[in-house]
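Student: A single structure is presented below for examination.
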Amino acid sequence: MTTVLQTVLDRLKLKGKSLLPIVQGGMGVGVSAHRLAGTVASYGAMGTISSVDLRRHHPDLMLQTGRSRNKELIDSANLLALDREIKAAKKMSAGNGLIAVNVMRAVSEYASYVRQACESEADAVVVGAGLPLDLPELTEGHKTAIIPILSDVRGIGLILKKWMRKNRLPDAIVIENPRFAAGHLGAPTAEALNNPNFAFNNVLEGTLQLFKDMGLEKENIPLITAGGIHSHEQVLKLMGMGANAVQLGSAFAVTEEGDAHPNFKKVLVEAKPEDIVTFMSVAGLPARAVRTPWLANYLEKEEKLQRIAKKRPCTVGFDCLASCGLRDGISKHGQFCIDTQLAFALAGDIKRGLFFRGSEKLPFGNAIRSVRDLLELLLNGIKPSIEAVRTPTVRSITEALVPA
Ligand SMILES: Cc1cc2nc3c(=O)[nH]c(=O)nc-3n(C[C@H](O)[C@H](O)[C@H](O)COP(=O)(O)O)c2cc1C
């Protein structure tokens with residue numbers, strides 16, 4: 001049985017709940033499923049299940065759909081998997097913390113994932129990778145909190161205005177800094193990543209001013225900063241700047257309870273700064289990941305692949321994205337099947353996987369620690385007593401770059 005952790009830091013108030021001010025961000029494909037989200041919530045924080053392609057954690061559903069190219073069959077298996085994962089996470093949390101579901105606006109089944117999350121009684125739906133203008137109506141009639149992921153004041157202002165016309169406010173806002181975060185990034189191009197408009201101090205200050213200008217000061221909409229956070233000192237600093245909580249991705253992905261294969265965690269913890277790259281994803285957004293053998297090879301061929309891009313049927317018949325650079329022949333976007341590569345990573349295939357990771361260092365270096373250790377470090381600055389570093393059991397990334 002887990003016990004809720006304590007801290008002197010201000011708590012995150014969300015939907016009438018008082019939570020630890022730490023959020024575990026949603027991580028697809030399958031990297032944050034019920035085990036990670038449920039564990040995080042059980043300690044009194046907010047855990048997030050990523051909704052994308054969760055059937056991969058369910059052998060019975062993979063048996064039905066693993067070789068199928070039937071979109072309807074795959075989509076319904078994924079909705080069933082999402083329902084199972086939400087229920088399992090809620091059970092693990094034992095009523096503590098909060099269980100959220102992350103849905104990417106860019107996926108074709110965005111609306112059905114949102115509806116399923118509400119029906120399965122997730123506490124919150126968190127939407128990134130695009131502007132979720134229709135989230136208020138999609139969740140209408142449910143108690144589910146709605147939380148957009150945005151990167152600058154302009155985007156926040158836009159969502160506030162559009163949602164207020166529908167008589168709805170966000171229950172919180174995640175402010176993700178594309179300069180440091182992992183996965184898909186909220187900047188139009190890789191060149192724009194360092195734009196000072198994304199700096200936490202500017203976005204926090206600008207948003208608080210926006211709340212004043214819009215008469216929303218008293219609404220106390222919590223602001224959750226994400227991207228590059230790895231220490232207690234950073235948590236104190238960000239909360240001092242006006243954040244109500246912080247969200248981490250990479251650091252949670254590599255915890256003992258992270259839902260991906262152990263090799264996935266090894267790739268993330270062993271990556272050196274020069275191994276972490278940004279590139280254009282098929283979803284039309286820049287993305288950040290570890291330069292593993294597949295990514296290095298793809299990046300070498302990217303220009304050529306972009307030159308010959310042309311419309312074609314989805315290579316796996318799943319049509320996971322609403323707009324896909326490969327399927328739709330969009331030459332300035334990525335030219336690979338993202339679902340296939342992310343699934344390889346989840347399964348621990350170092351050579352063929354796409355491993356998203358943030359640019360900054362990890363709280364425990366290359367050690368794999370528990371969720372509890374991570375929360376204690378972030379909340380209270382408590383370091384685990386033994387700084388044990390586990391001996392890698394897989395070949396290092398640089399070794400793996402050389403064909404066997
Ligand atoms: C492996 C991995 C997969 C991710 N997948 C998603 C995703 O599907 N949707 C999303 O909104 N964010 C995704 N993220 C971003 C995280 O939720 C989080 O906001 C981000 O990683 C914060 O930056 P950090 O990794 O420096 O802590 C992913 C991050 C990682 C590490």
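To be explicit about the labels: the chains of the structure tokens are called A, B, and onward in the order shown, and within each one the residues are counted from 1, while ligands get numbers from 1 in the order they are shown.
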List all protein, DNA and RNA residues that have any atom at most 8 Å from ligand 1, counting only C-alpha atoms and all ligand atoms, and write the list as a VMD selection string.
Tutor: chain A and resid 24 to 29 31 to 32 50 to 52 102 to 104 126 to 129 149 176 to 177 180 to 184 226 to 230 247 to 253 355 to 360
Student: When you look at stretch 275-291 of chain A with a cut-off of 7 Å (counting only C-alpha atoms), what residues show up, excluding the ones that are within fewer than 2 positions of it in the same chain? I need them as an NGL selection string.
Tutor: :A and (106 or 182-185 or 187-190 or 271-273 or 293 or 295-296 or 321 or 323-326 or 333-336 or 338 or 355-359)
Student: Find the residues near A:Asp319: any atom within 12 Å, counting only C-alpha atoms, skip ones fewer than 2 places away on the same chain, and give them as number ranges by chain.
Tutor: A: 53, 69-72, 74-75, 106-109, 282-283, 312-317, 321-328, 337-340
Student: Measuring atom to atom with only C-alpha atoms, identify which of A:Leu169, A:Ala260, A:Leu379, A:Ala111 is nearest to A:Thr7.
Tutor: A:Leu379
Student: Give the answer as one residue: which of A:Cys118, A:Leu9, A:Leu138, A:Val254 has the shortest atom-to-atom distance to A:Lys266, using only C-alpha atoms?
Tutor: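 Result for the nearest residue to A:Lys266: A:Val254.
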Student: DSSP on the backbone, then: every residue of stretch 97-205 of chain A marked strand (DSSP E or B), written as a ChimeraX atom specification.
Tutor: /A:98-104,107,124-128,145-150,173-176,183-184
Student: Counting only C-alpha atoms, which of A:His261, A:Glu274, A:Ile146, A:Lys91 gets nearest to A:Ala343?
Tutor: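 Smallest distance to A:Ala343 is found for A:His261.
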Student: DSSP says alpha helix (DSSP H) for which residues of stretch 137-195 of chain A? Put them as a list of chain:residue names?
Tutor: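 For stretch 137-195 of chain A, the alpha helix (DSSP H) set is A:Glu137, A:Leu138, A:Val153, A:Arg154, A:Gly155, A:Ile156, A:Gly157, A:Leu158, A:Ile159, A:Leu160, A:Lys161, A:Lys162, A:Trp163, A:Met164.
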Student: What's the 6 Å shell around A:Ile22, counting only C-alpha atoms, without same-chain residues fewer than 6 positions away, as a short mmCIF file (atom, residue, chain, number, x, y, z; two decimals) with N, CA and C atoms, in the first residue's frame?
Tutor:
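Output saved as around-v7.cif:
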```cif
data_model
loop_
_atom_site.label_atom_id
_atom_site.label_comp_id
_atom_site.auth_asym_id
_atom_site.auth_seq_id
_atom_site.Cartn_x
_atom_site.Cartn_y
_atom_site.Cartn_z
N ALA A 45 -0.20 12.81 -6.49
CA ALA A 45 0.09 13.74 -7.58
C ALA A 45 -0.82 13.41 -8.78
N ALA A 245 2.28 24.25 -10.45
CA ALA A 245 2.79 22.87 -10.45
C ALA A 245 3.77 22.75 -11.61
N VAL A 246 4.52 21.65 -11.63
CA VAL A 246 5.41 21.40 -12.76
C VAL A 246 5.10 20.04 -13.36
N GLN A 247 5.28 19.91 -14.65
CA GLN A 247 5.07 18.62 -15.33
C GLN A 247 6.40 18.11 -15.87
#
```
Student: Nearest to A:Ala94: which of A:Leu61, A:Leu160, A:Ala347, A:Val40 is it, counting only C-alpha atoms?
Tutor: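 Of A:Leu61, A:Leu160, A:Ala347, A:Val40, the one nearest A:Ala94, counting only C-alpha atoms, is A:Val40.
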Student: Would you compute the distance between atom CA of A:Glu217 and atom CA of A:Asp10? Give it in Å to one decimal.
Tutor: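 Rounded to one decimal, the two atoms are 18.1 Å apart.
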Student: Which is closer to A:Ala124 than all the others in A:Gly206, A:Gly47, A:Pro196, A:Pro178, using only C-alpha atoms?
Tutor: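 Nearest candidate to A:Ala124 out of A:Gly206, A:Gly47, A:Pro196, A:Pro178: A:Gly47.
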Student: Give me, as a list in words, all polymer residues having an atom no more than 9 Å from A:Lys17, counting only C-alpha atoms and skipping those fewer than 3 positions away in the same chain.
Tutor: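 Residues near the query, excluding close chain neighbours: Leu12, Lys13, Leu14, Gly97 and Leu98 of chain A.
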Student: Excluding A:Pro384 and its own-chain neighbours fewer than 2 positions away, which residues fall within 12 Å of it when counting only C-alpha atoms? Please give them as a list of chain:residue names.
Tutor: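 Answer for this query is A:Pro363, A:Phe364, A:Ala367, A:Ile368, A:Arg369, A:Ser370, A:Val371, A:Arg372, A:Asp373, A:Leu374, A:Leu375, A:Glu376, A:Leu377, A:Leu378, A:Asn380, A:Gly381, A:Ile382, A:Ile386, A:Glu387, A:Ala388, A:Val389.
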Student: Produce a file of the selected residues containing N, CA and C atoms, as a PDB file, in the first residue's frame.
Tutor:
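And here's result_21.pdb as it stands now:
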```pdb
ATOM      1  N   PRO A 363      17.101  13.715 -13.510  1.00  0.00           N
ATOM      2  CA  PRO A 363      17.345  13.936 -12.076  1.00  0.00           C
ATOM      3  C   PRO A 363      18.327  12.941 -11.452  1.00  0.00           C
ATOM      4  N   PHE A 364      18.324  11.682 -11.895  1.00  0.00           N
ATOM      5  CA  PHE A 364      19.201  10.680 -11.286  1.00  0.00           C
ATOM      6  C   PHE A 364      20.280  10.213 -12.260  1.00  0.00           C
ATOM      7  N   ALA A 367      20.755   6.489 -13.563  1.00  0.00           N
ATOM      8  CA  ALA A 367      20.151   5.489 -12.669  1.00  0.00           C
ATOM      9  C   ALA A 367      18.638   5.434 -12.876  1.00  0.00           C
ATOM     10  N   ILE A 368      18.105   4.238 -12.755  1.00  0.00           N
ATOM     11  CA  ILE A 368      16.647   4.028 -12.849  1.00  0.00           C
ATOM     12  C   ILE A 368      16.121   4.004 -11.414  1.00  0.00           C
ATOM     13  N   ARG A 369      15.245   4.904 -11.093  1.00  0.00           N
ATOM     14  CA  ARG A 369      14.734   5.018  -9.720  1.00  0.00           C
ATOM     15  C   ARG A 369      13.210   4.876  -9.692  1.00  0.00           C
ATOM     16  N   SER A 370      12.681   4.805  -8.486  1.00  0.00           N
ATOM     17  CA  SER A 370      11.223   4.657  -8.369  1.00  0.00           C
ATOM     18  C   SER A 370      10.523   6.010  -8.499  1.00  0.00           C
ATOM     19  N   VAL A 371       9.227   5.959  -8.750  1.00  0.00           N
ATOM     20  CA  VAL A 371       8.407   7.171  -8.789  1.00  0.00           C
ATOM     21  C   VAL A 371       8.495   7.891  -7.437  1.00  0.00           C
ATOM     22  N   ARG A 372       8.495   7.114  -6.377  1.00  0.00           N
ATOM     23  CA  ARG A 372       8.550   7.706  -5.048  1.00  0.00           C
ATOM     24  C   ARG A 372       9.843   8.518  -4.862  1.00  0.00           C
ATOM     25  N   ASP A 373      10.976   7.945  -5.280  1.00  0.00           N
ATOM     26  CA  ASP A 373      12.254   8.665  -5.182  1.00  0.00           C
ATOM     27  C   ASP A 373      12.204   9.970  -5.975  1.00  0.00           C
ATOM     28  N   LEU A 374      11.612   9.892  -7.166  1.00  0.00           N
ATOM     29  CA  LEU A 374      11.553  11.082  -8.013  1.00  0.00           C
ATOM     30  C   LEU A 374      10.679  12.158  -7.365  1.00  0.00           C
ATOM     31  N   LEU A 375       9.530  11.747  -6.856  1.00  0.00           N
ATOM     32  CA  LEU A 375       8.632  12.730  -6.226  1.00  0.00           C
ATOM     33  C   LEU A 375       9.289  13.343  -4.991  1.00  0.00           C
ATOM     34  N   GLU A 376       9.946  12.529  -4.177  1.00  0.00           N
ATOM     35  CA  GLU A 376      10.603  13.049  -2.965  1.00  0.00           C
ATOM     36  C   GLU A 376      11.694  14.058  -3.340  1.00  0.00           C
ATOM     37  N   LEU A 377      12.421  13.758  -4.416  1.00  0.00           N
ATOM     38  CA  LEU A 377      13.473  14.676  -4.852  1.00  0.00           C
ATOM     39  C   LEU A 377      12.871  16.013  -5.305  1.00  0.00           C
ATOM     40  N   LEU A 378      11.860  15.932  -6.143  1.00  0.00           N
ATOM     41  CA  LEU A 378      11.281  17.158  -6.702  1.00  0.00           C
ATOM     42  C   LEU A 378      10.571  17.988  -5.632  1.00  0.00           C
ATOM     43  N   ASN A 380      10.743  17.659  -2.122  1.00  0.00           N
ATOM     44  CA  ASN A 380      11.399  17.945  -0.850  1.00  0.00           C
ATOM     45  C   ASN A 380      12.922  17.994  -0.928  1.00  0.00           C
ATOM     46  N   GLY A 381      13.466  17.810  -2.117  1.00  0.00           N
ATOM     47  CA  GLY A 381      14.916  17.847  -2.276  1.00  0.00           C
ATOM     48  C   GLY A 381      15.605  16.666  -1.613  1.00  0.00           C
ATOM     49  N   ILE A 382      14.845  15.602  -1.330  1.00  0.00           N
ATOM     50  CA  ILE A 382      15.438  14.428  -0.666  1.00  0.00           C
ATOM     51  C   ILE A 382      16.055  13.506  -1.715  1.00  0.00           C
ATOM     52  N   ILE A 386      21.412   5.641  -1.503  1.00  0.00           N
ATOM     53  CA  ILE A 386      22.516   5.038  -2.263  1.00  0.00           C
ATOM     54  C   ILE A 386      22.428   5.503  -3.708  1.00  0.00           C
ATOM     55  N   GLU A 387      23.492   6.142  -4.169  1.00  0.00           N
ATOM     56  CA  GLU A 387      23.482   6.632  -5.561  1.00  0.00           C
ATOM     57  C   GLU A 387      23.921   5.506  -6.511  1.00  0.00           C
ATOM     58  N   ALA A 388      23.253   4.369  -6.363  1.00  0.00           N
ATOM     59  CA  ALA A 388      23.651   3.210  -7.169  1.00  0.00           C
ATOM     60  C   ALA A 388      23.341   3.438  -8.640  1.00  0.00           C
ATOM     61  N   VAL A 389      24.276   3.095  -9.479  1.00  0.00           N
ATOM     62  CA  VAL A 389      24.048   3.173 -10.918  1.00  0.00           C
ATOM     63  C   VAL A 389      24.030   1.745 -11.421  1.00  0.00           C
TER      64      VAL A 389
END
```
Student: Give me, as a CSV table (one decimal) with C-alpha atoms, in the first residue's frame, all polymer residues having an atom no more than 9 Å from A:Ile175, counting only C-alpha atoms and skipping those fewer than 4 positions away in the same chain.
Tutor:
```csv
chain,number,residue,atom,x,y,z
A,148,PRO,CA,-4.9,22.4,-22.9
A,149,ILE,CA,-1.1,22.2,-23.5
A,150,LEU,CA,0.2,25.5,-24.9
A,151,SER,CA,3.5,27.1,-25.3
A,152,ASP,CA,3.0,30.9,-25.6
A,156,ILE,CA,-3.3,30.8,-24.3
A,198,PHE,CA,8.5,30.4,-25.0
A,200,PHE,CA,8.9,30.3,-18.7
A,203,VAL,CA,4.9,33.0,-20.5
A,204,LEU,CA,4.0,33.0,-16.8
A,223,LEU,CA,-0.5,27.0,-14.5
A,224,ILE,CA,1.7,23.9,-14.9
A,225,THR,CA,5.1,24.4,-16.5
A,226,ALA,CA,6.7,21.6,-18.4
A,227,GLY,CA,10.0,21.0,-20.2
A,247,GLN,CA,5.1,18.6,-15.3
```
Student: Just how far from atom CA of A:Asn167 is atom CA of A:Thr139, in Å to one decimal?
Tutor: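 Between these atoms lies a distance of 13.0 Å.
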